[in-house]
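Student: The structure file entry26.pdb (PDB, C-alpha atoms) is provided below.
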ATOM      1  CA  MET A 135     355.638 122.907  11.550
ATOM      2  CA  ASP A 136     358.631 120.706  12.344
ATOM      3  CA  PHE A 137     357.320 117.401  10.982
ATOM      4  CA  ASP A 138     360.630 115.596  11.547
ATOM      5  CA  ASN A 139     360.401 116.430  15.238
ATOM      6  CA  ILE A 140     356.716 115.514  15.581
ATOM      7  CA  GLY A 141     357.019 112.253  13.656
ATOM      8  CA  GLU A 142     354.525 110.007  11.867
ATOM      9  CA  MET A 143     351.522 111.009  13.984
ATOM     10  CA  ALA A 144     351.470 114.304  12.026
ATOM     11  CA  LEU A 145     350.904 112.423   8.757
ATOM     12  CA  GLY A 146     347.529 114.071   8.137
ATOM     13  CA  SER A 147     348.923 117.565   8.719
ATOM     14  CA  ARG A 148     351.904 116.875   6.494
ATOM     15  CA  LEU A 149     349.706 115.570   3.685
ATOM     16  CA  ARG A 150     347.545 118.690   3.972
ATOM     17  CA  ALA A 151     350.645 120.875   3.781
ATOM     18  CA  LEU A 152     351.814 118.964   0.700
ATOM     19  CA  SER A 153     348.335 119.247  -0.804
ATOM     20  CA  ASN A 154     348.344 123.008  -0.215
ATOM     21  CA  MET A 155     351.750 123.274  -1.874
ATOM     22  CA  VAL A 156     350.552 121.373  -4.944
ATOM     23  CA  THR A 157     347.250 123.290  -5.061
ATOM     24  CA  GLU A 158     349.030 126.644  -5.010
ATOM     25  CA  ASP A 159     351.195 125.524  -7.925
ATOM     26  CA  ALA A 160     348.117 124.172  -9.722
ATOM     27  CA  GLU A 161     346.548 127.637  -9.682
ATOM     28  CA  ARG A 162     349.696 129.113 -11.235
ATOM     29  CA  ILE A 163     349.839 126.296 -13.800
ATOM     30  CA  TYR A 164     346.250 126.990 -14.893
ATOM     31  CA  GLU A 165     347.213 130.642 -15.348
ATOM     32  CA  LEU A 166     350.296 129.598 -17.322
ATOM     33  CA  TYR A 167     348.107 127.753 -19.833
ATOM     34  CA  ASP A 168     345.281 130.311 -19.672
ATOM     35  CA  ILE A 169     342.876 127.695 -18.301
ATOM     36  CA  GLU A 170     339.889 129.134 -16.426
ATOM     37  CA  LEU A 171     339.578 126.317 -13.911
ATOM     38  CA  LYS A 172     339.939 126.177 -10.140
ATOM     39  CA  PRO A 173     341.955 123.261  -8.713
ATOM     40  CA  LYS A 174     339.028 122.123  -6.548
ATOM     41  CA  TRP A 175     336.868 121.748  -9.679
ATOM     42  CA  PHE A 176     339.334 119.445 -11.406
ATOM     43  CA  PRO A 177     337.995 116.056 -10.142
ATOM     44  CA  VAL A 178     334.448 116.824 -11.377
ATOM     45  CA  PHE A 179     335.703 118.419 -14.595
ATOM     46  CA  TYR A 180     338.002 115.512 -15.438
ATOM     47  CA  PHE A 181     335.328 112.932 -14.591
ATOM     48  CA  LEU A 182     332.756 114.586 -16.871
ATOM     49  CA  SER A 183     335.368 115.068 -19.606
ATOM     50  CA  ASN A 184     335.688 111.297 -19.856
ATOM     51  CA  GLN A 185     331.964 110.510 -20.007
ATOM     52  CA  ASN A 186     329.956 110.019 -23.185
ATOM     53  CA  GLU A 187     326.795 111.176 -21.468
ATOM     54  CA  GLY A 188     325.667 113.221 -18.493
ATOM     55  CA  LYS A 189     325.987 111.830 -14.988
ATOM     56  CA  SER A 190     323.916 112.288 -11.849
ATOM     57  CA  ILE A 191     325.340 113.952  -8.756
ATOM     58  CA  THR A 192     325.367 110.543  -7.068
ATOM     59  CA  SER A 193     327.371 108.989  -9.919
ATOM     60  CA  ILE A 194     329.854 111.867  -9.896
ATOM     61  CA  ALA A 195     330.303 111.646  -6.120
ATOM     62  CA  LYS A 196     330.951 107.909  -6.366
ATOM     63  CA  GLY A 197     333.272 108.350  -9.335
ATOM     64  CA  ILE A 198     335.547 110.922  -7.678
ATOM     65  CA  GLY A 199     335.281 109.634  -4.111
ATOM     66  CA  GLN A 200     333.738 112.771  -2.601
ATOM     67  CA  SER A 201     330.558 113.350  -0.619
ATOM     68  CA  HIS A 202     327.225 114.141  -2.245
ATOM     69  CA  PRO A 203     326.941 117.619  -0.612
ATOM     70  CA  SER A 204     330.473 118.615  -1.653
ATOM     71  CA  VAL A 205     329.794 117.609  -5.274
ATOM     72  CA  ILE A 206     326.561 119.632  -5.304
ATOM     73  CA  LYS A 207     328.525 122.688  -4.163
ATOM     74  CA  LEU A 208     331.242 122.168  -6.787
ATOM     75  CA  VAL A 209     328.711 121.669  -9.583
ATOM     76  CA  ARG A 210     326.902 124.872  -8.622
ATOM     77  CA  GLU A 211     330.164 126.820  -8.735
ATOM     78  CA  MET A 212     331.089 125.291 -12.088
ATOM     79  CA  ALA A 213     327.625 126.003 -13.499
ATOM     80  CA  LYS A 214     327.967 129.627 -12.420
ATOM     81  CA  ALA A 215     331.300 129.732 -14.286
ATOM     82  CA  GLY A 216     329.567 128.312 -17.356
ATOM     83  CA  LEU A 217     331.495 125.013 -17.420
ATOM     84  CA  VAL A 218     328.625 122.583 -16.809
ATOM     85  CA  ARG A 219     324.877 122.448 -17.313
ATOM     86  CA  GLU A 220     321.936 120.280 -16.401
ATOM     87  CA  LYS A 221     320.304 117.811 -18.770
ATOM     88  CA  LYS A 222     317.294 115.565 -18.238
ATOM     89  CA  ASP A 223     317.985 111.851 -18.410
ATOM     90  CA  LYS A 224     316.719 110.329 -21.670
ATOM     91  CA  SER A 225     315.337 107.200 -20.013
ATOM     92  CA  ASP A 226     313.882 108.950 -16.958
ATOM     93  CA  GLY A 227     312.809 112.564 -17.214
ATOM     94  CA  ARG A 228     312.676 112.853 -13.434
ATOM     95  CA  VAL A 229     316.458 112.450 -13.231
ATOM     96  CA  THR A 230     318.705 115.440 -13.850
ATOM     97  CA  ASN A 231     322.219 114.764 -15.107
ATOM     98  CA  ILE A 232     325.231 117.051 -15.261
ATOM     99  CA  ILE A 233     327.233 117.480 -18.471
ATOM    100  CA  LEU A 234     329.943 119.815 -19.692
ATOM    101  CA  SER A 235     328.650 122.930 -21.393
ATOM    102  CA  LYS A 236     330.001 124.091 -24.748
ATOM    103  CA  LYS A 237     332.548 126.183 -22.863
ATOM    104  CA  GLY A 238     333.481 123.204 -20.695
ATOM    105  CA  THR A 239     333.846 120.919 -23.718
ATOM    106  CA  GLU A 240     336.133 123.421 -25.449
ATOM    107  CA  LEU A 241     338.186 123.709 -22.274
ATOM    108  CA  SER A 242     338.525 119.914 -22.083
ATOM    109  CA  GLU A 243     340.296 120.014 -25.460
ATOM    110  CA  LYS A 244     342.403 123.050 -24.664
ATOM    111  CA  ILE A 245     343.686 121.568 -21.382
ATOM    112  CA  LYS A 246     345.134 118.404 -22.965
ATOM    113  CA  GLU A 247     348.528 120.017 -23.618
ATOM    114  CA  GLN A 248     348.662 120.999 -19.957
ATOM    115  CA  TYR A 249     347.873 117.405 -18.964
ATOM    116  CA  THR A 250     350.820 116.167 -21.034
ATOM    117  CA  ASP A 251     353.278 118.646 -19.537
ATOM    118  CA  VAL A 252     352.090 118.168 -15.954
ATOM    119  CA  GLU A 253     352.253 114.367 -16.215
ATOM    120  CA  LYS A 254     355.785 114.550 -17.629
ATOM    121  CA  ALA A 255     356.891 116.973 -14.888
ATOM    122  CA  ILE A 256     355.503 114.728 -12.145
ATOM    123  CA  GLN A 257     357.091 111.629 -13.657
ATOM    124  CA  ASP A 258     360.459 113.402 -13.811
ATOM    125  CA  THR A 259     360.069 114.459 -10.168
ATOM    126  CA  LEU A 260     359.182 110.935  -9.046
ATOM    127  CA  LYS A 261     362.284 109.586 -10.804
ATOM    128  CA  GLN A 262     364.390 111.801  -8.551
ATOM    129  CA  THR A 263     362.945 110.281  -5.378
ATOM    130  CA  ARG A 264     364.129 107.137  -3.606
ATOM    131  CA  HIS A 265     360.534 106.127  -2.907
ATOM    132  CA  ASN A 266     357.748 106.380  -5.454
ATOM    133  CA  VAL A 267     355.223 108.570  -3.641
ATOM    134  CA  TRP A 268     352.417 107.688  -6.044
ATOM    135  CA  LEU A 269     352.772 103.955  -5.411
ATOM    136  CA  ALA A 270     353.183 104.562  -1.676
ATOM    137  CA  ILE A 271     349.920 106.535  -1.584
ATOM    138  CA  GLN A 272     348.123 103.744  -3.450
ATOM    139  CA  GLU A 273     349.408 101.194  -0.966
ATOM    140  CA  PHE A 274     348.530 103.380   2.017
ATOM    141  CA  GLU A 275     345.001 103.959   0.679
ATOM    142  CA  TYR A 276     344.570 100.215   0.199
ATOM    143  CA  LEU A 277     345.579  99.544   3.803
ATOM    144  CA  LEU A 278     343.215 102.213   5.143
ATOM    145  CA  ASN A 279     340.372 100.777   3.074
ATOM    146  CA  GLU A 280     341.105  97.394   4.665
ATOM    147  CA  LYS A 281     341.124  98.925   8.155
ATOM    148  CA  THR A 282     340.577 102.618   8.858
ATOM    149  CA  LEU A 283     343.030 104.748  10.796
ATOM    150  CA  PHE A 284     340.375 105.125  13.492
ATOM    151  CA  GLU A 285     340.121 101.347  13.867
ATOM    152  CA  ARG A 286     343.901 101.029  14.023
ATOM    153  CA  VAL A 287     344.198 103.729  16.696
ATOM    154  CA  ALA A 288     341.352 102.136  18.678
ATOM    155  CA  GLU A 289     343.235  98.817  18.614
ATOM    156  CA  GLN A 290     346.380 100.485  19.934
ATOM    157  CA  LYS A 291     344.347 102.157  22.688
ATOM    158  CA  LYS A 292     342.815  98.826  23.672
ATOM    159  CA  ASP A 293     346.211  97.088  23.691
ATOM    160  CA  ARG A 294     347.797  99.837  25.788
ATOM    161  CA  GLU A 295     344.962  99.850  28.315
ATOM    162  CA  ALA A 296     344.980  96.043  28.450
ATOM    163  CA  GLN A 297     348.598  96.130  29.631
ATOM    164  CA  LYS A 298     347.439  97.985  32.749
ATOM    165  CA  ILE A 299     344.891  95.288  33.623
ATOM    166  CA  GLU A 300     346.001  92.673  36.144
ATOM    167  CA  ILE A 301     344.492  89.175  36.260
ATOM    168  CA  VAL A 302     344.537  87.779  39.807
ATOM    169  CA  ASP A 303     343.180  84.737  41.623
ATOM    170  CA  TYR A 304     339.895  85.101  43.486
ATOM    171  CA  LEU A 305     339.929  86.175  47.120
ATOM    172  CA  PRO A 306     336.951  86.304  49.526
ATOM    173  CA  GLU A 307     336.926  90.101  49.147
ATOM    174  CA  HIS A 308     335.994  89.639  45.466
ATOM    175  CA  GLN A 309     332.762  87.733  46.169
ATOM    176  CA  SER A 310     330.583  90.839  46.021
ATOM    177  CA  ALA A 311     331.951  91.911  42.621
ATOM    178  CA  PHE A 312     331.788  88.342  41.291
ATOM    179  CA  LYS A 313     328.115  88.199  42.202
ATOM    180  CA  SER A 314     327.041  91.719  41.180
ATOM    181  CA  LEU A 315     328.755  91.706  37.773
ATOM    182  CA  ASN A 316     327.157  88.381  36.873
ATOM    183  CA  GLU A 317     323.738  89.381  38.200
ATOM    184  CA  GLU A 318     323.878  92.546  36.108
ATOM    185  CA  TRP A 319     324.291  90.855  32.726
ATOM    186  CA  ILE A 320     322.012  87.920  33.537
ATOM    187  CA  GLU A 321     319.128  90.162  34.621
ATOM    188  CA  THR A 322     319.685  92.455  31.630
ATOM    189  CA  TYR A 323     319.067  89.680  29.106
ATOM    190  CA  PHE A 324     317.466  86.793  31.016
ATOM    191  CA  LYS A 325     316.441  85.904  34.549
ATOM    192  CA  MET A 326     318.364  84.532  37.497
ATOM    193  CA  GLU A 327     318.085  80.758  37.839
ATOM    194  CA  GLU A 328     318.727  78.456  40.790
ATOM    195  CA  ALA A 329     322.096  77.319  39.395
ATOM    196  CA  ASP A 330     323.136  80.986  39.192
ATOM    197  CA  ARG A 331     322.262  81.671  42.814
ATOM    198  CA  ILE A 332     324.196  78.655  44.066
ATOM    199  CA  ALA A 333     327.349  79.545  42.141
ATOM    200  CA  LEU A 334     327.251  83.270  42.908
ATOM    201  CA  ASP A 335     326.279  83.009  46.582
ATOM    202  CA  GLN A 336     328.689  80.172  47.392
ATOM    203  CA  PRO A 337     331.625  80.382  44.927
ATOM    204  CA  GLU A 338     334.070  78.786  47.361
ATOM    205  CA  GLU A 339     331.887  75.744  47.984
ATOM    206  CA  TYR A 340     330.451  75.381  44.474
ATOM    207  CA  ILE A 341     333.556  76.226  42.421
ATOM    208  CA  LEU A 342     336.828  76.500  44.340
ATOM    209  CA  ASN A 343     336.468  73.580  46.757
ATOM    210  CA  LYS A 344     335.576  71.274  43.863
ATOM    211  CA  GLY A 345     338.824  71.915  41.995
ATOM    212  CA  GLY A 346     337.828  75.023  40.067
ATOM    213  CA  LYS A 347     339.291  78.507  39.840
ATOM    214  CA  ILE A 348     337.983  82.066  39.634
ATOM    215  CA  LEU A 349     339.994  84.849  38.033
ATOM    216  CA  ILE A 350     339.503  88.566  38.567
ATOM    217  CA  ALA A 351     340.496  91.403  36.208
ATOM    218  CA  ILE A 352     341.591  94.482  38.151
ATOM    219  CA  HIS A 353     342.673  97.994  37.189
ATOM    220  CA  ASP A 354     343.425 100.716  39.757
ATOM    221  CA  ASN A 355     341.990  98.523  42.520
ATOM    222  CA  THR A 356     338.687  98.269  40.656
ATOM    223  CA  VAL A 357     337.245  94.936  39.522
ATOM    224  CA  LEU A 358     336.563  95.159  35.784
ATOM    225  CA  GLY A 359     335.659  91.550  35.088
ATOM    226  CA  VAL A 360     335.410  88.022  36.447
ATOM    227  CA  CYS A 361     335.464  84.493  35.069
ATOM    228  CA  ALA A 362     335.266  81.008  36.540
ATOM    229  CA  LEU A 363     336.827  77.678  35.614
ATOM    230  CA  ILE A 364     334.517  74.952  36.917
ATOM    231  CA  LYS A 365     335.555  71.288  37.331
ATOM    232  CA  ARG A 366     333.158  68.992  35.465
ATOM    233  CA  GLN A 367     332.343  65.339  35.888
ATOM    234  CA  ASP A 368     332.575  64.615  32.173
ATOM    235  CA  GLU A 369     334.661  62.072  30.277
ATOM    236  CA  LYS A 370     335.763  64.606  27.652
ATOM    237  CA  TYR A 371     335.144  68.150  28.832
ATOM    238  CA  ASP A 372     336.836  68.164  32.219
ATOM    239  CA  TYR A 373     336.521  71.912  32.849
ATOM    240  CA  GLU A 374     333.975  74.603  31.997
ATOM    241  CA  LEU A 375     334.532  78.289  31.309
ATOM    242  CA  ALA A 376     331.639  79.970  33.094
ATOM    243  CA  LYS A 377     330.364  83.052  34.872
ATOM    244  CA  MET A 378     332.325  85.457  32.681
ATOM    245  CA  ALA A 379     331.155  89.008  33.303
ATOM    246  CA  VAL A 380     332.667  92.378  32.424
ATOM    247  CA  SER A 381     331.673  95.729  33.863
ATOM    248  CA  PRO A 382     329.763  97.868  31.312
ATOM    249  CA  LYS A 383     332.326 100.621  31.966
ATOM    250  CA  ALA A 384     335.113  98.315  30.805
ATOM    251  CA  GLN A 385     333.466  96.753  27.770
ATOM    252  CA  GLY A 386     335.397  97.242  24.553
ATOM    253  CA  LYS A 387     338.732  97.289  26.384
ATOM    254  CA  GLY A 388     339.559  93.633  25.742
ATOM    255  CA  VAL A 389     338.907  92.534  29.337
ATOM    256  CA  GLY A 390     336.871  89.517  28.252
ATOM    257  CA  TYR A 391     339.629  88.323  25.944
ATOM    258  CA  LEU A 392     342.257  88.706  28.679
ATOM    259  CA  LEU A 393     340.117  86.717  31.114
ATOM    260  CA  GLY A 394     339.383  84.058  28.502
ATOM    261  CA  ARG A 395     343.063  83.604  27.675
ATOM    262  CA  ALA A 396     343.953  83.477  31.377
ATOM    263  CA  ILE A 397     341.267  80.830  32.031
ATOM    264  CA  ILE A 398     342.585  78.719  29.137
ATOM    265  CA  ASP A 399     346.122  79.026  30.515
ATOM    266  CA  LYS A 400     344.870  78.041  33.956
ATOM    267  CA  ALA A 401     343.057  75.002  32.510
ATOM    268  CA  ASN A 402     346.233  73.935  30.730
ATOM    269  CA  ALA A 403     348.186  74.267  33.967
ATOM    270  CA  LEU A 404     345.649  72.008  35.683
ATOM    271  CA  GLY A 405     346.083  69.350  33.003
ATOM    272  CA  ALA A 406     342.715  69.827  31.303
ATOM    273  CA  SER A 407     342.235  68.292  27.863
ATOM    274  CA  HIS A 408     339.029  70.053  26.778
ATOM    275  CA  LEU A 409     337.096  73.146  27.828
ATOM    276  CA  TYR A 410     333.319  73.489  27.663
ATOM    277  CA  LEU A 411     331.021  76.516  27.839
ATOM    278  CA  GLU A 412     327.379  77.464  27.481
ATOM    279  CA  SER A 413     325.901  80.666  26.125
ATOM    280  CA  ASN A 414     323.010  82.155  24.189
ATOM    281  CA  THR A 415     323.134  83.349  20.596
ATOM    282  CA  ILE A 416     321.584  86.728  21.440
ATOM    283  CA  LEU A 417     324.879  87.498  23.198
ATOM    284  CA  LYS A 418     326.651  88.057  19.886
ATOM    285  CA  PRO A 419     329.768  89.801  21.277
ATOM    286  CA  ALA A 420     330.261  86.962  23.763
ATOM    287  CA  VAL A 421     329.866  84.238  21.131
ATOM    288  CA  SER A 422     332.285  86.108  18.848
ATOM    289  CA  LEU A 423     334.775  86.288  21.714
ATOM    290  CA  TYR A 424     334.536  82.548  22.335
ATOM    291  CA  LYS A 425     335.165  81.857  18.648
ATOM    292  CA  LYS A 426     338.158  84.188  18.764
ATOM    293  CA  LEU A 427     339.465  82.154  21.707
ATOM    294  CA  GLY A 428     339.170  79.007  19.606
ATOM    295  CA  PHE A 429     335.887  77.514  20.813
ATOM    296  CA  GLU A 430     333.692  75.660  18.326
ATOM    297  CA  LYS A 431     330.009  74.794  18.453
ATOM    298  CA  ILE A 432     329.089  71.399  19.916
ATOM    299  CA  ALA A 433     325.814  69.845  21.080
ATOM    300  CA  GLY A 434     324.233  67.118  23.169
ATOM    301  CA  HIS A 435     325.355  68.042  26.688
ATOM    302  CA  HIS A 436     323.017  68.381  29.650
ATOM    303  CA  THR A 437     322.588  71.919  30.988
ATOM    304  CA  PRO A 438     320.875  73.233  34.124
ATOM    305  CA  TYR A 439     320.177  76.594  32.450
ATOM    306  CA  GLU A 440     317.008  77.448  30.510
ATOM    307  CA  ARG A 441     318.790  80.307  28.696
ATOM    308  CA  CYS A 442     321.431  78.056  27.127
ATOM    309  CA  ASN A 443     320.869  77.543  23.387
ATOM    310  CA  ILE A 444     324.465  77.082  22.275
ATOM    311  CA  GLN A 445     327.233  74.860  23.619
ATOM    312  CA  MET A 446     330.872  75.246  22.631
ATOM    313  CA  GLY A 447     334.056  73.289  23.178
ATOM    314  CA  LEU A 448     337.802  73.804  22.928
ATOM    315  CA  LYS A 449     340.506  71.161  22.649
ATOM    316  CA  LEU A 450     343.581  72.178  24.636
TER     317      LEU A 450
END
Would you mind giving the structure from this file in structure tokens?
Tutor:
Amino acid sequence: MDFDNIGEMALGSRLRALSNMVTEDAERIYELYDIELKPKWFPVFYFLSNQNEGKSITSIAKGIGQSHPSVIKLVREMAKAGLVREKKDKSDGRVTNIILSKKGTELSEKIKEQYTDVEKAIQDTLKQTRHNVWLAIQEFEYLLNEKTLFERVAEQKKDREAQKIEIVDYLPEHQSAFKSLNEEWIETYFKMEEADRIALDQPEEYILNKGGKILIAIHDNTVLGVCALIKRQDEKYDYELAKMAVSPKAQGKGVGYLLGRAIIDKANALGASHLYLESNTILKPAVSLYKKLGFEKIAGHHTPYERCNIQMGLKL
């Protein structure tokens, strides 16, 4: 495989190829030192060689970073080869531990010269490289433990798809989507209230004609989400972020964040000083989104909605 041509996305395949190369040499090295050990057994063998007592399958799996089923399979193979055996735990007879057999213990002494030579050979090889592969692997593993490759790819997918989403001002043709998307989430978790019906049935009169705005998220001529900016008669919080709704088909694509940012930008353009919103704590993704946008919990403001149990504000 031409890895230089494919590039970094073939990292997994290249690491497997490198692993195969090293494993093939490992088999020959064991033969060179007359060591009856398969490369795939080495992690379990080395782990048990450095233990003063037997260890359970669970402890071994945790110690070498492999799955429980894979360790069971390796231990069975090693037991068949006479390298390990079972031993009942001294403190709990119901627990079976794995220890090196007499043959395995003798092998753990015999293999030490091989360890010395292999370590020296690898160190000499690393000295000939511009980049220390061992340290690079450690760093790469650390980063993947912080955030998996899957999570990183999912973020890139979301960012790429978000670039195709257009945020536009509300037009009369959007009224149906504005109403249906909001009705869908409200009726899923709560019940429609009178204030909902007024805002959704008459958005021009209730929101737009009073100095507010409605933004629509569109992709391929399909409405993915909606959000309103409502003018408030309040000394501090002069506008409210409200009626945010995202199509279930578009959830997880960052539509809510795009709408939230666009509403904040619109509020700034209108000269707003503070934004207000109402929500309910059972809507955990929504509350997390608002916090990500910079909103903080506040209290003490009148609300027409029974479902509201959290109020949040943002200083612009």
Student: Name the residues that the PyMOL selection byres ((chain A and resi 161-174) around 10) picks from the file above, as a ChimeraX atom specification, using the file's chain letters and numbers.
Tutor: /A:156-160,175-179,208,211-212,215,217,238,241-242,244-245,247-248,252
Student: Can you turn the PyMOL selection byres ((chain A and resi 186-203) around 8) into a concrete residue list for this file, as a list in words?
Tutor: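 Here the PyMOL selection byres ((chain A and resi 186-203) around 8) matches Pro177, Val178, Phe181, Leu182, Asn184, Gln185, Ser204, Val205, Ile206, Lys207, Lys221, Asp223, Val229, Thr230, Asn231, Ile232, Ile233 and Leu234 of chain A.
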Student: Using all atoms listed in the file, pick whichever of A:Leu315, A:Ala288, A:Leu450, A:Leu152 has the shortest atom-to-atom distance to Ser407 of chain A.
Tutor: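 Checking each candidate against Ser407 of chain A, we get A:Leu450 as the closest.
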Student: Name the residues that the PyMOL selection byres ((chain A and resi 399) around 12) picks from the file above, as a tab-separated table (two decimals) with C-alpha atoms, in the coordinates of the input, using the file's chain letters and numbers.
Tutor:
chain	number	residue	atom	x	y	z
A	301	ILE	CA	344.49	89.18	36.26
A	347	LYS	CA	339.29	78.51	39.84
A	349	LEU	CA	339.99	84.85	38.03
A	363	LEU	CA	336.83	77.68	35.61
A	375	LEU	CA	334.53	78.29	31.31
A	392	LEU	CA	342.26	88.71	28.68
A	393	LEU	CA	340.12	86.72	31.11
A	394	GLY	CA	339.38	84.06	28.50
A	395	ARG	CA	343.06	83.60	27.68
A	396	ALA	CA	343.95	83.48	31.38
A	397	ILE	CA	341.27	80.83	32.03
A	398	ILE	CA	342.58	78.72	29.14
A	400	LYS	CA	344.87	78.04	33.96
A	401	ALA	CA	343.06	75.00	32.51
A	402	ASN	CA	346.23	73.94	30.73
A	403	ALA	CA	348.19	74.27	33.97
A	404	LEU	CA	345.65	72.01	35.68
A	405	GLY	CA	346.08	69.35	33.00
A	406	ALA	CA	342.72	69.83	31.30
A	407	SER	CA	342.24	68.29	27.86
A	409	LEU	CA	337.10	73.15	27.83
A	427	LEU	CA	339.46	82.15	21.71
A	450	LEU	CA	343.58	72.18	24.64
Student: To one decimal place, how far is atom CA of Glu369 of chain A from atom CA of Gly428 of chain A in Å?
Tutor: 20.5 Å
Student: Pick out the residues sitting within 12 Å of Lys426 of chain A, and hand them over as a tab-separated table (two decimals) with C-alpha atoms, in the frame of the given file; count only C-alpha atoms, and ignore anything fewer than 2 positions along from it in its own chain.
Tutor:
chain	number	residue	atom	x	y	z
A	388	GLY	CA	339.56	93.63	25.74
A	390	GLY	CA	336.87	89.52	28.25
A	391	TYR	CA	339.63	88.32	25.94
A	392	LEU	CA	342.26	88.71	28.68
A	394	GLY	CA	339.38	84.06	28.50
A	395	ARG	CA	343.06	83.60	27.68
A	419	PRO	CA	329.77	89.80	21.28
A	420	ALA	CA	330.26	86.96	23.76
A	421	VAL	CA	329.87	84.24	21.13
A	422	SER	CA	332.28	86.11	18.85
A	423	LEU	CA	334.78	86.29	21.71
A	424	TYR	CA	334.54	82.55	22.34
A	428	GLY	CA	339.17	79.01	19.61
A	429	PHE	CA	335.89	77.51	20.81
A	430	GLU	CA	333.69	75.66	18.33
A	448	LEU	CA	337.80	73.80	22.93
Student: Just to confirm, what's the straight-line distance from atom CA of Glu412 of chain A to atom CA of Glu289 of chain A in Å (one decimal)?
Tutor: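 About the pair atom CA of Glu412 of chain A and atom CA of Glu289 of chain A: they are 28.0 Å apart.
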Student: Would you work out the distance separating atom CA of Thr322 of chain A from atom CA of Tyr340 of chain A, expressed in Å to one decimal?
Tutor: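 Distance reported for this atom pair: 23.9 Å.
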Student: Take the point (329.9, 72.7, 19.6) as written in the file and pick out every residue within 8 Å of it, counting all atoms listed in the file; give the list as a ChimeraX atom specification.
Tutor: /A:429-433,444-447
Student: For Ala213 of chain A, which of A:Arg228, A:His308, A:Lys449, A:Lys237 is the closest residue, counting only C-alpha atoms?
Tutor: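 The answer is A:Lys237, which sits nearest to Ala213 of chain A.
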Student: Looking at A:Ala151, A:Lys418, A:Leu305, A:Leu145, which one is nearest to Ile271 of chain A, with distances taken over all atoms listed in the file?
Tutor: A:Leu145
